[in-house]
Each structure stands twice: as structure tokens, then as C-alpha cells.
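One structure is given here, and the rest of the page talks about it.
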There are 2 protein chains.
Amino acid sequence: MIPVYVAGAGMTRFGRSEWSLMKLASVASLAALQHAKLGDIPVDGVVVANMGAARVNRQTALGSALVDQLALYPAAAESVENGPASGASAFKVGVQAVASGMADVVLVTGVERMRVVNGLEGTDFVASLAHPEAEYIYGVTLPSLAGMFARLVMEKHGIERKHLAMVAIKNHENGAKNPYAHIQQTVTMEGILTAPEAAVNNPPIAEPLHLFDCCPVSDGAASVVLVSEAVAKRLGGPRIRVAGIGQATDTHTVHEREDPTDLKSVRLAAGQAFERARLSPKDVNVAELHDAFTILEIAESEASGFFPAGEGHKALERGETRLDGTLPINPSGGLKAKGHPVGATGVAQLVELTWQLRGECGARQVQGASVAYACNFGGFGNNVVASVLRREDS
Amino acid sequence: MIPVYVAGAGMTRFGRSEWSLMKLASVASLAALQHAKLGDIPVDGVVVANMGAARVNRQTALGSALVDQLALYPAAAESVENGPASGASAFKVGVQAVASGMADVVLVTGVERMRVVNGLEGTDFVASLAHPEAEYIYGVTLPSLAGMFARLVMEKHGIERKHLAMVAIKNHENGAKNPYAHIQQTVTMEGILTAPEAAVNNPPIAEPLHLFDCCPVSDGAASVVLVSEAVAKRLGGPRIRVAGIGQATDTHTVHEREDPTDLKSVRLAAGQAFERARLSPKDVNVAELHDAFTILEIAESEASGFFPAGEGHKALERGETRLDGTLPINPSGGLKAKGHPVGATGVAQLVELTWQLRGECGARQVQGASVAYACNFGGFGNNVVASVLRREDS
């Protein structure tokens, strides 16, 4: 791939916010622009990732609006939507703008302000990515799809609810160290599974998934600044290269897949990203996976190539994916603890990884990381974007 | 610019449709794919342009849905939104995907199904591109902005209502020759302006703009297939090159512009497109301009560089922009007669121009056209995409 670099990264804290959609987007963008230390180098492209603003915030053309907020005219601008993978899709579009030679500096900002609607409309808005005739009209929701998927995968590989809880415990532990996380609070096996009061505190959402298997609904924004090789050289500073991006789609409905437990789109997207990066899963030092539901972290850790099928929950149990393990997964707290403002999530994964590769993560820093991987899971696995970042040391 | 070619183009008829959003998108896509004669060359990217489906059709992630409808997995896919310029923005994103080397064949499909909502909600949904705090909450709509703009421009350049009517008459005349147009019916100066019944048949919408100064609200879809140079060579057939794309943004609100009658974003976008194409407005043989309101065709014909400021309506009056004139504008009928399914419009302009350059337009064919220009006007002029296509003769 033609060299493209992440020169800066910034985000708002995720959670419930009183800020407007554009204020969220602006604050994250300004943080990333400041982090990039662009000086007088102009931004010539803006890509906004967002899923629901047209419906839940009654606002469209967010790219133009962000250009205006930050007075970046006449920069080119548009919005990109790809369900929960909107963030990484926008990142890819930004990378392609630079790689095509049509832009030198592109700001990619993911934003979602979804807590303005009630839980029912929020769930319905996300479900609008489901198949309109085969799923959506029958009331399918993302938690319901995840519940069915979890049951199949758990049966197949002998995964127990305690393993799902281990994902939550680990990610909440990481999130407690992340000042940008929605939930900065640890949870225990007793509290969410074994103590008698766990039945009340951790009620079922879509069996076998309970409340603490699901990410929260969050507002928030995250931004990265992408630059060409020429600009990266001019800027100096740590050189974080977009080593490879892969993307794959699959059947819209899960039930049409040959093996519904096989996340083929993750497998293909990861394979393509690693191939383009000329790296392998073994080279990865830190990963952000799309744990909208705890089962997804386990399944994606296998489909991305880090563990053989059926071994993800064992690696988790052995502590390999903890912050001090051999492959830390979701040091940011993941969607589970950091939160999931849908359009912002894919960008936020890359913000965390950029910071990790630059050694700027404080208490949750993965020591000496030089290769990072993100999996942004769109639809229910029918559109996945995988990205590999690499620190190029001077 | 790295060579990228339009290998095929297709669309549905615009108008009121009973087809679902995905059927509209599929039919246009299949027409374009068939036109491209790809054979066994796989599509590796899909970009869908759409503005309102999240709200008016309760459907998101249209890129993934279209991949599924056409069984194009594992092609990469996403949606692009940029208000009324969504189509050309998606086209640009597709071009960049190919130019970056990350894709060889990209299907770009614009689609909108907006007649499912009532006029009030339809107007409101388009107005959601306006500034949320300075315009939208005060009830600003696109016709109201266009009305104010029209009054200023008309006063400045001595444009009369008869000139606006001439745009409508010309475009309806062209639309009557276009089997894909929403309205395939001619209109006369008497019928819409001078006869006593014109006051009833052509009522004011936002003075000085009347009904026949405004495009209809349409359902429809349009698609193009973009290919790399290697694929274009393999395909043979007419070689339509994307010679240049330009894009520029301006202040969100019109009243903040130094001169509200100056379409600076059109000027900058056109300038960039021509510069990248190494061509000038003089080289253009046929143009599609964004006449959502008649006044815009006149203003864009000047800002794009075809006529000096204040001369556009005179060139129109002299017949220069008619099908048999020196620079035919909107041979398709334009938004005025062809219709304006918002997300599809920018792609439909490029469909028409591809057909024109291939000599496939029948009764509305511009003879011997080799350079074509499109202006897709987003926001109220705050995000404009200009494209130059060129027929490279074998």
C-alpha cells in the first residue's frame, strides 16, 4: 500500500453528553489536529463517520458542518456510513484519499450522539442495518442476533458464561485506567455472575447474554489525522504507518451463512489487512476488537488469526489477552467499558492504537508495542474492516 | 490524476416508484454492470450514495445491503452522504479507491426513495443539511434559501422571471427526449408565465421562484462502474476517463459569505477539476448542472467558468445552452425535468455524461462530445463536487 500515516489522534470521553453532535465532533477533531502539530499545513479533506444523525439528531451533511465548525474550507468533505463499522470505513476512505494523491492531510472524525433517543428507538435505529425484509420487520435486534450467535459458539467450543464474564472483567479493568472510557469501574466474577445478587444486577438481555455482556449506549467522538509520506516527513515525530487495511462483506442475514459461527468476513478482512501489511497475526503486540458483546471478542480473536478456532476462551482464561499478557486485547476497555457511540467506535479503536504505538497510554500502556491491529465489526458480521498500524522507527 | 475509467453506466427511470430502496439500487446497478460487460472480472468495491434512508426508509448500511442483493461478497462496501452532492461524493470516493490501488472495479450507486414521506417531512429531511443552530431550527428550507439567493442574483444581473422560465422550458424539452426522466413533458412560456392561468398552474413556492422553477421530488437510482487502467484495457470498448474531480466547501450559512451571490465553492471545485484534468471550460462539449432550482443552472454556468458573471442568462437567451447550442447544458432534462432523488442525482449526472460521451443518448445526443462536465451542488453551495470526463479515443 502507498504510505499513509496517522499523524495525530484525539477523542472526547465517551458516555452521556450534553454536548451537541457538532461540539462532540469538533472537540475530538481539535484534539487530533493539535496532537498532529500540523502548524500551517492545511487540512484538505474531512471524512465524518456517523450512523444515526439523520434520524436521531435530525442532521445530515455532517462533513460540511464539521468543515464549517473548524473553518477548514475549502477542504473536501463527506460522511461515511457502514453501520457499526462506519468509523473504520471512514478511516479507509480517508486513507484512500491520501493514497490516491488527491489529498495530503485528511481529518477522519467519527461521532454519534445516540442517548438523545430512548432505549427502544436507540435499539431500533441500530437494527435498521438488518435485512429489511428478512430480519428488521420481524423485530430482529443486534442483541438478539448476538444472543443466538453466542449460544451456537458456546455450544460448539465449550465456552461457559464465566468466560464471557472474564471478557467483561478484563475490559472493565482496562477501562478503569482509561480517562476517556464511558465506564471507569471494575467488576468482579462475584458481582456479575456468582453472587446471589448477580441475578438482579446482571439481568438477561438476550440469553445467554446478560447486561454485562453488552456494551453501553454512548455519546462521543474520536478523530485521527492522516497524512501523506511527504507531510509525515515534514512533521517529524513518531511515524505511525497505516500498514494495511482489509475489508470483507458476507451475507446480510446470519442464517444464510454456511456456518453461522464462522466469522468469515473477519477472517477475510484480517487476512487482507495482514497481507497488505506484509505482516502476520504473530507480529501484533496490541489489538482492539469489536466487543459490542463479550462473545464477539472471543470469536474475533480467533477469526483474526490470533488463536485457533475454539481456543480464544482458553487464551483469555490463561490471561494472555490481559494488559500484561502476550497479546493484550482491548487495552482501552473495548466497547464493553469504553462505550460504543456507533459512528465513533472504529475511529476510537485507531485512536487508542495510535496512542499505544506512541507510548502515550499511561496506566494502560502496552510496553514496547510496534504493531497494532483493529477489528471493526459492521452489521452482524456482514461488513468488517480490519486495520494494521505499525510504528516505523526512525 | 491516476487513470480511472467509467466502464459502464445505468439508471432506473426517476419518478414515483413502488420499488423498494434496494430494488431501485439493484436495478440501476445491474444495468451499469451489464453496460460495463465485466464478464468474470469481480467487483471489489461498492459505494452507495444516499441521503435520507436512515430516516425516511428506516434502513442503514446500504452498502452491505447492496452487496448482498447482488451477491458481490466479499467486496468492500460503504455509504457516502453529502446532502444533495452525495452522488458525486460517492463517485469521488470510488475513484479514490481505484486510484489508491486498493480496488480495481468499484460500483457506485446513488439511490433515494423519498416519496414515501409526505411533502412536509420530505422538505424537512432535506433541510436537515442546514446549520442546526443558525438555520434549521428557524425553519429554513432549501426552497427558501434558493428564493433569497434568486432575488439577490436577479437584482444584481438583471435576470427576469422569463429567464428562469427559459431554463425550465429548455430542460423540459430535453427531458421529453429522455426515457429515464421523471417528467417527460414540454412546457411553454405561456403555460408557466404569460397566460392568465399560469398564476394558478405555476404558483409561487418561495418568491421569486415558482413551482416550475423547482425540481420535482423523485424516487430513483443511478450507477456507474469504475475501473482501473488495467481493467479498462482488458474490457476494450469506449474509454471514458475520469479526467479530473474537484471539490470545495464554503461557510455553512449563506449569510456568512462575503458575497452571497458568488458561488465560490462551484468556482473552486470547477477550477480544481479542470486543473487536474489539464483542460479548461472551453474544452467542454456537454454539461450537467445542478438545477434543483432554475436560478442555479444560470449561476453555476457562470461559476463553472462557461460564461462571465452576469452573462449566463444572456447565453441561455441566445440558445447557446440548448441541445443544438454551442454548450448544451442538461441534455438529460436536468434535475428540473429528470427529477431529483437526492442521493442518486450526482451519479445520474455522470451516467448521462458517460452515455453522451459514448454516443448512446438517442434523440438528446450531443453530437461528437468528447469532454463532459458535471456540477453536483451540495448543501446550499457549501459543498460542491465538479467532475470532468473525457473520451479517450482509441
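Ligands are numbered from 1 in the order shown, residues from 1 within each chain, and chains are lettered A, B, ... in the order they appear in the C-alpha cells.
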
Could you fit chain A onto chain B by least squares over every C-alpha atom, paired in order, and give me the moved chain as a short mmCIF file (atom, residue, chain, number, x, y, z; two decimals) with C-alpha atoms, in the first residue's frame?
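File written: superposed24.cif
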```
data_model
loop_
_atom_site.label_atom_id
_atom_site.label_comp_id
_atom_site.auth_asym_id
_atom_site.auth_seq_id
_atom_site.Cartn_x
_atom_site.Cartn_y
_atom_site.Cartn_z
CA MET A 1 -4.68 12.06 -11.55
CA ILE A 2 -4.03 8.30 -11.68
CA PRO A 3 -6.15 6.96 -14.55
CA VAL A 4 -9.62 5.73 -13.58
CA TYR A 5 -12.31 4.94 -16.13
CA VAL A 6 -16.09 4.75 -16.22
CA ALA A 7 -16.71 1.37 -17.82
CA GLY A 8 -20.47 1.29 -17.54
CA ALA A 9 -23.47 3.39 -16.53
CA GLY A 10 -27.11 2.64 -15.86
CA MET A 11 -30.14 4.01 -14.03
CA THR A 12 -33.79 3.49 -13.26
CA ARG A 13 -36.39 5.88 -14.55
CA PHE A 14 -36.78 8.64 -11.99
CA GLY A 15 -40.24 9.43 -10.61
CA ARG A 16 -42.63 7.88 -8.15
CA SER A 17 -41.75 4.26 -7.65
CA GLU A 18 -43.36 1.33 -5.89
CA TRP A 19 -39.99 -0.43 -5.79
CA SER A 20 -38.14 -0.82 -2.51
CA LEU A 21 -34.95 1.13 -1.90
CA MET A 22 -32.86 -1.96 -2.54
CA LYS A 23 -34.75 -2.88 -5.69
CA LEU A 24 -34.14 0.59 -7.10
CA ALA A 25 -30.44 0.33 -6.23
CA SER A 26 -30.16 -3.19 -7.63
CA VAL A 27 -31.85 -2.43 -10.95
CA ALA A 28 -29.61 0.58 -11.60
CA SER A 29 -26.52 -1.39 -10.50
CA LEU A 30 -27.30 -4.35 -12.72
CA ALA A 31 -27.83 -2.02 -15.68
CA ALA A 32 -24.42 -0.43 -15.10
CA LEU A 33 -22.70 -3.79 -14.58
CA GLN A 34 -24.27 -5.14 -17.76
CA HIS A 35 -23.26 -1.98 -19.63
CA ALA A 36 -19.66 -2.47 -18.46
CA LYS A 37 -19.58 -6.04 -19.79
CA LEU A 38 -17.32 -7.14 -16.95
CA GLY A 39 -17.63 -10.83 -17.68
CA ASP A 40 -15.86 -12.70 -14.91
CA ILE A 41 -13.94 -9.70 -13.57
CA PRO A 42 -15.06 -9.33 -9.93
CA VAL A 43 -16.40 -6.14 -8.36
CA ASP A 44 -14.18 -5.41 -5.37
CA GLY A 45 -15.78 -2.27 -4.06
CA VAL A 46 -19.30 -0.86 -3.67
CA VAL A 47 -20.10 2.72 -2.69
CA VAL A 48 -23.72 3.72 -2.16
CA ALA A 49 -24.75 7.37 -2.21
CA ASN A 50 -27.83 8.14 -0.16
CA MET A 51 -29.05 10.98 2.01
CA GLY A 52 -32.24 10.03 3.77
CA ALA A 53 -32.76 6.27 4.09
CA ALA A 54 -31.85 6.14 7.79
CA ARG A 55 -34.77 8.45 8.46
CA VAL A 56 -37.32 8.04 5.67
CA ASN A 57 -36.84 4.36 4.88
CA ARG A 58 -35.62 3.15 8.30
CA GLN A 59 -32.68 1.44 6.64
CA THR A 60 -28.93 1.89 7.14
CA ALA A 61 -25.75 0.13 5.97
CA LEU A 62 -26.95 0.28 2.37
CA GLY A 63 -23.52 -0.65 1.02
CA SER A 64 -23.64 -4.04 2.73
CA ALA A 65 -27.27 -4.49 1.70
CA LEU A 66 -26.47 -3.86 -1.97
CA VAL A 67 -23.53 -6.29 -1.86
CA ASP A 68 -25.98 -8.88 -0.54
CA GLN A 69 -28.69 -8.12 -3.12
CA LEU A 70 -26.21 -8.61 -5.93
CA ALA A 71 -24.18 -11.37 -4.21
CA LEU A 72 -20.98 -9.37 -4.60
CA TYR A 73 -19.40 -10.52 -1.31
CA PRO A 74 -16.68 -10.22 -0.17
CA ALA A 75 -16.50 -6.79 -1.94
CA ALA A 76 -15.76 -3.84 0.36
CA ALA A 77 -18.78 -1.57 0.78
CA GLU A 78 -19.98 1.58 2.47
CA SER A 79 -22.41 4.48 2.04
CA VAL A 80 -21.43 8.07 1.44
CA GLU A 81 -23.56 11.08 2.31
CA ASN A 82 -23.02 14.68 1.36
CA GLY A 83 -26.51 16.11 1.13
CA PRO A 84 -27.54 16.75 -2.48
CA ALA A 85 -23.92 16.16 -3.56
CA SER A 86 -23.91 12.63 -2.09
CA GLY A 87 -23.79 11.14 -5.59
CA ALA A 88 -20.65 12.90 -6.76
CA SER A 89 -19.01 12.46 -3.36
CA ALA A 90 -19.58 8.70 -3.63
CA PHE A 91 -18.21 8.83 -7.18
CA LYS A 92 -15.09 10.57 -5.86
CA VAL A 93 -14.70 8.01 -3.07
CA GLY A 94 -14.98 5.24 -5.67
CA VAL A 95 -12.41 6.94 -7.90
CA GLN A 96 -10.03 7.26 -4.94
CA ALA A 97 -10.47 3.58 -4.07
CA VAL A 98 -9.31 2.66 -7.58
CA ALA A 99 -6.63 5.36 -7.75
CA SER A 100 -5.19 4.21 -4.39
CA GLY A 101 -4.58 0.78 -5.86
CA MET A 102 -6.84 -0.85 -3.26
CA ALA A 103 -9.59 -1.72 -5.76
CA ASP A 104 -9.82 -2.47 -9.48
CA VAL A 105 -13.56 -2.41 -10.04
CA VAL A 106 -15.88 -0.24 -7.97
CA LEU A 107 -19.65 0.02 -8.35
CA VAL A 108 -21.00 3.43 -7.34
CA THR A 109 -24.76 3.54 -6.90
CA GLY A 110 -26.82 6.51 -5.82
CA VAL A 111 -30.32 5.85 -4.57
CA GLU A 112 -33.14 7.70 -2.85
CA ARG A 113 -36.70 6.68 -2.13
CA MET A 114 -38.16 9.87 -0.74
CA ARG A 115 -41.76 9.92 -1.92
CA VAL A 116 -42.69 7.58 0.91
CA VAL A 117 -42.85 10.56 3.23
CA ASN A 118 -45.21 13.51 2.91
CA GLY A 119 -44.09 16.81 1.40
CA LEU A 120 -43.53 18.41 4.77
CA GLU A 121 -41.28 15.64 6.07
CA GLY A 122 -39.55 15.44 2.70
CA THR A 123 -38.75 19.15 2.81
CA ASP A 124 -37.69 18.84 6.44
CA PHE A 125 -35.41 15.88 5.74
CA VAL A 126 -33.55 17.79 3.03
CA ALA A 127 -33.41 20.88 5.28
CA SER A 128 -31.55 18.79 7.88
CA LEU A 129 -28.38 19.73 5.96
CA ALA A 130 -28.83 23.37 7.03
CA HIS A 131 -26.97 24.78 10.01
CA PRO A 132 -28.58 23.20 13.09
CA GLU A 133 -28.45 26.30 15.28
CA ALA A 134 -28.45 29.17 12.79
CA GLU A 135 -30.86 27.89 10.14
CA TYR A 136 -32.64 24.61 10.67
CA ILE A 137 -34.32 25.42 13.97
CA TYR A 138 -35.74 28.61 12.44
CA GLY A 139 -37.46 26.64 9.71
CA VAL A 140 -35.11 27.39 6.85
CA THR A 141 -35.78 25.12 3.86
CA LEU A 142 -33.89 24.68 0.62
CA PRO A 143 -36.56 26.47 -1.44
CA SER A 144 -36.41 29.40 0.98
CA LEU A 145 -32.63 29.66 0.64
CA ALA A 146 -32.94 29.39 -3.13
CA GLY A 147 -35.62 32.09 -3.20
CA MET A 148 -33.44 34.56 -1.30
CA PHE A 149 -30.45 33.68 -3.46
CA ALA A 150 -32.52 34.09 -6.65
CA ARG A 151 -33.71 37.55 -5.66
CA LEU A 152 -30.17 38.76 -4.99
CA VAL A 153 -28.74 37.30 -8.19
CA MET A 154 -31.63 38.52 -10.34
CA GLU A 155 -31.32 42.07 -9.01
CA LYS A 156 -27.57 42.07 -9.47
CA HIS A 157 -27.53 40.85 -13.06
CA GLY A 158 -30.90 42.00 -14.40
CA ILE A 159 -32.25 38.49 -14.67
CA GLU A 160 -36.02 38.31 -15.14
CA ARG A 161 -38.52 35.60 -14.38
CA LYS A 162 -38.67 34.88 -18.11
CA HIS A 163 -35.04 33.78 -17.97
CA LEU A 164 -35.80 31.34 -15.18
CA ALA A 165 -38.68 30.08 -17.29
CA MET A 166 -36.30 29.59 -20.21
CA VAL A 167 -34.25 27.18 -18.10
CA ALA A 168 -37.39 25.19 -17.32
CA ILE A 169 -38.57 25.21 -20.93
CA LYS A 170 -35.21 24.04 -22.25
CA ASN A 171 -34.82 21.32 -19.63
CA HIS A 172 -38.35 20.04 -20.04
CA GLU A 173 -37.73 19.91 -23.80
CA ASN A 174 -34.64 17.78 -23.15
CA GLY A 175 -36.40 15.70 -20.52
CA ALA A 176 -39.17 14.90 -23.01
CA LYS A 177 -36.49 13.12 -25.04
CA ASN A 178 -35.16 11.16 -22.06
CA PRO A 179 -36.96 7.90 -21.26
CA TYR A 180 -35.39 7.97 -17.76
CA ALA A 181 -36.77 11.42 -16.87
CA HIS A 182 -39.39 11.88 -14.16
CA ILE A 183 -41.28 14.46 -16.24
CA GLN A 184 -41.28 13.81 -19.98
CA GLN A 185 -43.44 16.72 -20.96
CA THR A 186 -42.65 20.07 -22.54
CA VAL A 187 -43.77 23.38 -21.09
CA THR A 188 -44.22 26.77 -22.78
CA MET A 189 -43.62 30.38 -21.81
CA GLU A 190 -47.38 30.94 -22.01
CA GLY A 191 -48.18 27.94 -19.85
CA ILE A 192 -45.84 28.78 -17.00
CA LEU A 193 -45.53 32.57 -17.21
CA THR A 194 -47.55 34.75 -19.56
CA ALA A 195 -51.00 33.18 -19.91
CA PRO A 196 -53.56 34.19 -17.25
CA GLU A 197 -53.85 30.61 -16.00
CA ALA A 198 -50.08 30.49 -15.36
CA ALA A 199 -50.73 32.16 -12.00
CA VAL A 200 -52.70 29.08 -10.99
CA ASN A 201 -50.65 26.40 -12.74
CA ASN A 202 -47.32 27.82 -11.67
CA PRO A 203 -47.88 29.11 -8.14
CA PRO A 204 -45.15 30.72 -6.04
CA ILE A 205 -43.05 28.41 -3.86
CA ALA A 206 -40.54 30.90 -2.45
CA GLU A 207 -40.71 34.17 -4.39
CA PRO A 208 -39.37 34.82 -6.97
CA LEU A 209 -39.27 31.05 -7.51
CA HIS A 210 -42.46 29.35 -8.66
CA LEU A 211 -43.39 25.70 -9.00
CA PHE A 212 -41.74 25.36 -12.40
CA ASP A 213 -38.51 26.79 -11.02
CA CYS A 214 -38.18 23.82 -8.66
CA CYS A 215 -37.24 20.24 -9.39
CA PRO A 216 -39.72 17.52 -8.50
CA VAL A 217 -39.29 15.11 -5.57
CA SER A 218 -38.37 11.74 -7.06
CA ASP A 219 -37.49 8.16 -6.30
CA GLY A 220 -34.72 6.59 -8.33
CA ALA A 221 -31.24 5.16 -8.60
CA ALA A 222 -28.24 5.58 -10.85
CA SER A 223 -24.97 3.64 -11.10
CA VAL A 224 -21.57 3.74 -12.68
CA VAL A 225 -18.82 1.13 -12.76
CA LEU A 226 -15.32 2.49 -12.21
CA VAL A 227 -12.27 0.53 -13.28
CA SER A 228 -8.50 0.77 -13.19
CA GLU A 229 -6.49 1.28 -16.37
CA ALA A 230 -5.57 -2.43 -16.46
CA VAL A 231 -9.21 -3.47 -16.36
CA ALA A 232 -10.24 -0.79 -18.87
CA LYS A 233 -7.69 -2.19 -21.31
CA ARG A 234 -8.97 -5.70 -20.78
CA LEU A 235 -12.57 -4.61 -21.36
CA GLY A 236 -11.94 -2.71 -24.58
CA GLY A 237 -14.91 -0.56 -25.61
CA PRO A 238 -15.15 3.22 -25.34
CA ARG A 239 -12.62 4.61 -22.88
CA ILE A 240 -14.29 7.25 -20.68
CA ARG A 241 -11.67 8.65 -18.35
CA VAL A 242 -12.30 10.46 -15.08
CA ALA A 243 -10.09 13.32 -16.15
CA GLY A 244 -10.47 15.39 -13.00
CA ILE A 245 -12.56 15.80 -9.87
CA GLY A 246 -12.64 18.93 -7.76
CA GLN A 247 -14.43 19.61 -4.50
CA ALA A 248 -14.77 22.68 -2.32
CA THR A 249 -16.62 23.67 0.80
CA ASP A 250 -17.80 27.09 1.95
CA THR A 251 -19.43 28.56 5.07
CA HIS A 252 -22.41 26.54 6.25
CA THR A 253 -24.73 29.53 6.22
CA VAL A 254 -25.18 31.63 3.10
CA HIS A 255 -25.38 34.87 5.06
CA GLU A 256 -21.80 34.49 6.31
CA ARG A 257 -20.39 34.61 2.79
CA GLU A 258 -18.66 37.77 1.71
CA ASP A 259 -20.80 37.89 -1.43
CA PRO A 260 -23.80 35.57 -1.12
CA THR A 261 -24.33 35.69 -4.89
CA ASP A 262 -20.84 34.34 -5.56
CA LEU A 263 -20.85 30.54 -5.73
CA LYS A 264 -17.26 30.35 -4.57
CA SER A 265 -17.40 26.60 -3.90
CA VAL A 266 -18.51 25.98 -7.49
CA ARG A 267 -15.72 28.21 -8.73
CA LEU A 268 -13.08 26.43 -6.65
CA ALA A 269 -14.36 22.92 -7.34
CA ALA A 270 -14.57 23.54 -11.08
CA GLY A 271 -11.13 25.15 -11.11
CA GLN A 272 -9.62 22.18 -9.31
CA ALA A 273 -11.36 19.66 -11.58
CA PHE A 274 -10.20 21.43 -14.75
CA GLU A 275 -6.68 21.84 -13.39
CA ARG A 276 -6.43 18.14 -12.54
CA ALA A 277 -7.85 17.30 -15.98
CA ARG A 278 -5.48 19.74 -17.68
CA LEU A 279 -8.47 21.11 -19.54
CA SER A 280 -10.43 24.34 -19.44
CA PRO A 281 -14.14 25.18 -19.52
CA LYS A 282 -13.67 26.00 -23.22
CA ASP A 283 -12.94 22.34 -23.91
CA VAL A 284 -16.31 21.16 -22.59
CA ASN A 285 -18.86 19.92 -25.12
CA VAL A 286 -21.68 18.98 -22.79
CA ALA A 287 -22.50 19.74 -19.16
CA GLU A 288 -24.90 18.60 -16.47
CA LEU A 289 -25.51 21.31 -13.87
CA HIS A 290 -27.40 21.02 -10.61
CA ASP A 291 -30.63 22.88 -11.42
CA ALA A 292 -32.56 21.97 -8.28
CA PHE A 293 -33.86 25.52 -8.83
CA THR A 294 -33.73 27.20 -12.25
CA ILE A 295 -31.61 30.08 -10.95
CA LEU A 296 -28.88 27.59 -10.04
CA GLU A 297 -28.33 26.49 -13.63
CA ILE A 298 -27.63 30.10 -14.62
CA ALA A 299 -25.41 30.81 -11.62
CA GLU A 300 -23.47 27.54 -11.94
CA SER A 301 -22.93 28.06 -15.67
CA GLU A 302 -21.04 31.22 -14.73
CA ALA A 303 -19.22 29.94 -11.64
CA SER A 304 -18.09 26.83 -13.51
CA GLY A 305 -16.33 29.11 -15.97
CA PHE A 306 -18.50 28.75 -19.06
CA PHE A 307 -19.72 32.36 -19.09
CA PRO A 308 -18.56 35.55 -17.37
CA ALA A 309 -20.53 36.64 -14.28
CA GLY A 310 -23.86 38.13 -15.31
CA GLU A 311 -23.73 36.63 -18.79
CA GLY A 312 -25.24 33.20 -18.12
CA HIS A 313 -28.83 34.28 -18.69
CA LYS A 314 -27.85 36.02 -21.93
CA ALA A 315 -26.18 32.88 -23.28
CA LEU A 316 -29.30 30.99 -22.29
CA GLU A 317 -31.48 33.54 -24.09
CA ARG A 318 -29.32 33.22 -27.21
CA GLY A 319 -29.91 29.47 -27.16
CA GLU A 320 -26.28 28.56 -26.56
CA THR A 321 -27.15 26.04 -23.86
CA ARG A 322 -29.82 24.25 -25.87
CA LEU A 323 -29.25 20.78 -27.23
CA ASP A 324 -28.19 22.30 -30.56
CA GLY A 325 -26.26 25.18 -29.03
CA THR A 326 -22.53 25.65 -28.57
CA LEU A 327 -22.59 24.28 -25.00
CA PRO A 328 -25.60 22.08 -24.32
CA ILE A 329 -26.46 22.17 -20.62
CA ASN A 330 -28.59 19.47 -19.01
CA PRO A 331 -29.36 17.37 -22.08
CA SER A 332 -30.85 14.82 -19.66
CA GLY A 333 -33.50 17.33 -18.62
CA GLY A 334 -31.53 18.22 -15.50
CA LEU A 335 -32.94 17.94 -12.03
CA LYS A 336 -35.81 20.11 -13.26
CA ALA A 337 -37.29 17.50 -15.61
CA LYS A 338 -35.32 14.33 -14.97
CA GLY A 339 -36.06 14.56 -11.25
CA HIS A 340 -34.00 14.71 -8.07
CA PRO A 341 -33.81 11.56 -5.95
CA VAL A 342 -31.23 13.30 -3.79
CA GLY A 343 -28.60 10.59 -3.32
CA ALA A 344 -28.91 9.43 -6.93
CA THR A 345 -28.62 12.82 -8.62
CA GLY A 346 -24.85 13.24 -8.68
CA VAL A 347 -24.38 9.74 -10.05
CA ALA A 348 -27.16 10.26 -12.61
CA GLN A 349 -25.35 13.32 -13.96
CA LEU A 350 -22.31 11.12 -14.61
CA VAL A 351 -24.49 8.38 -16.12
CA GLU A 352 -25.88 10.89 -18.62
CA LEU A 353 -22.42 12.23 -19.44
CA THR A 354 -20.97 8.73 -19.87
CA TRP A 355 -23.78 7.90 -22.28
CA GLN A 356 -23.27 11.23 -24.08
CA LEU A 357 -19.55 10.58 -24.49
CA ARG A 358 -20.32 7.09 -25.80
CA GLY A 359 -22.91 8.49 -28.24
CA GLU A 360 -25.76 6.48 -26.72
CA CYS A 361 -28.30 9.21 -26.00
CA GLY A 362 -30.61 8.89 -29.00
CA ALA A 363 -32.85 11.91 -29.54
CA ARG A 364 -30.99 14.01 -26.99
CA GLN A 365 -27.47 13.10 -28.17
CA VAL A 366 -24.97 15.95 -28.31
CA GLN A 367 -23.03 15.22 -31.46
CA GLY A 368 -19.34 14.39 -31.17
CA ALA A 369 -18.95 15.25 -27.49
CA SER A 370 -15.54 14.30 -26.13
CA VAL A 371 -15.26 16.35 -22.92
CA ALA A 372 -18.08 16.50 -20.36
CA TYR A 373 -18.56 18.36 -17.09
CA ALA A 374 -20.84 17.84 -14.10
CA CYS A 375 -21.56 20.10 -11.14
CA ASN A 376 -23.20 18.48 -8.12
CA PHE A 377 -24.26 21.19 -5.68
CA GLY A 378 -24.39 20.15 -2.02
CA GLY A 379 -25.82 21.99 0.93
CA PHE A 380 -26.77 25.40 -0.30
CA GLY A 381 -23.47 25.72 -2.09
CA ASN A 382 -21.36 24.78 0.90
CA ASN A 383 -20.07 21.52 -0.57
CA VAL A 384 -19.72 21.22 -4.32
CA VAL A 385 -18.20 18.43 -6.38
CA ALA A 386 -17.21 19.07 -10.00
CA SER A 387 -16.20 16.28 -12.38
CA VAL A 388 -14.66 16.28 -15.84
CA LEU A 389 -14.97 13.18 -18.01
CA ARG A 390 -13.09 12.73 -21.24
CA ARG A 391 -13.46 10.25 -24.02
CA GLU A 392 -10.02 8.88 -24.85
CA ASP A 393 -10.15 7.78 -28.36
CA SER A 394 -8.48 4.63 -29.32
#
```

Discussion item. Please return, as number ranges by chain, all residues of region 52-159 of chain A that DSSP assigns to alpha helix (DSSP H) on the basis of the backbone.
Written reply: A: 62-69, 86-99, 119-127, 142-157

Discussion item. If DSSP is run on the backbone, what residues of region 3-251 of chain B are strand (DSSP E or B)? A reply as a PyMOL selection string would be ideal.
Written reply: chain B and resi 4-11+15+45-49+76-82+84+105-113+204-206+209-210+214+217+219-228+239-249
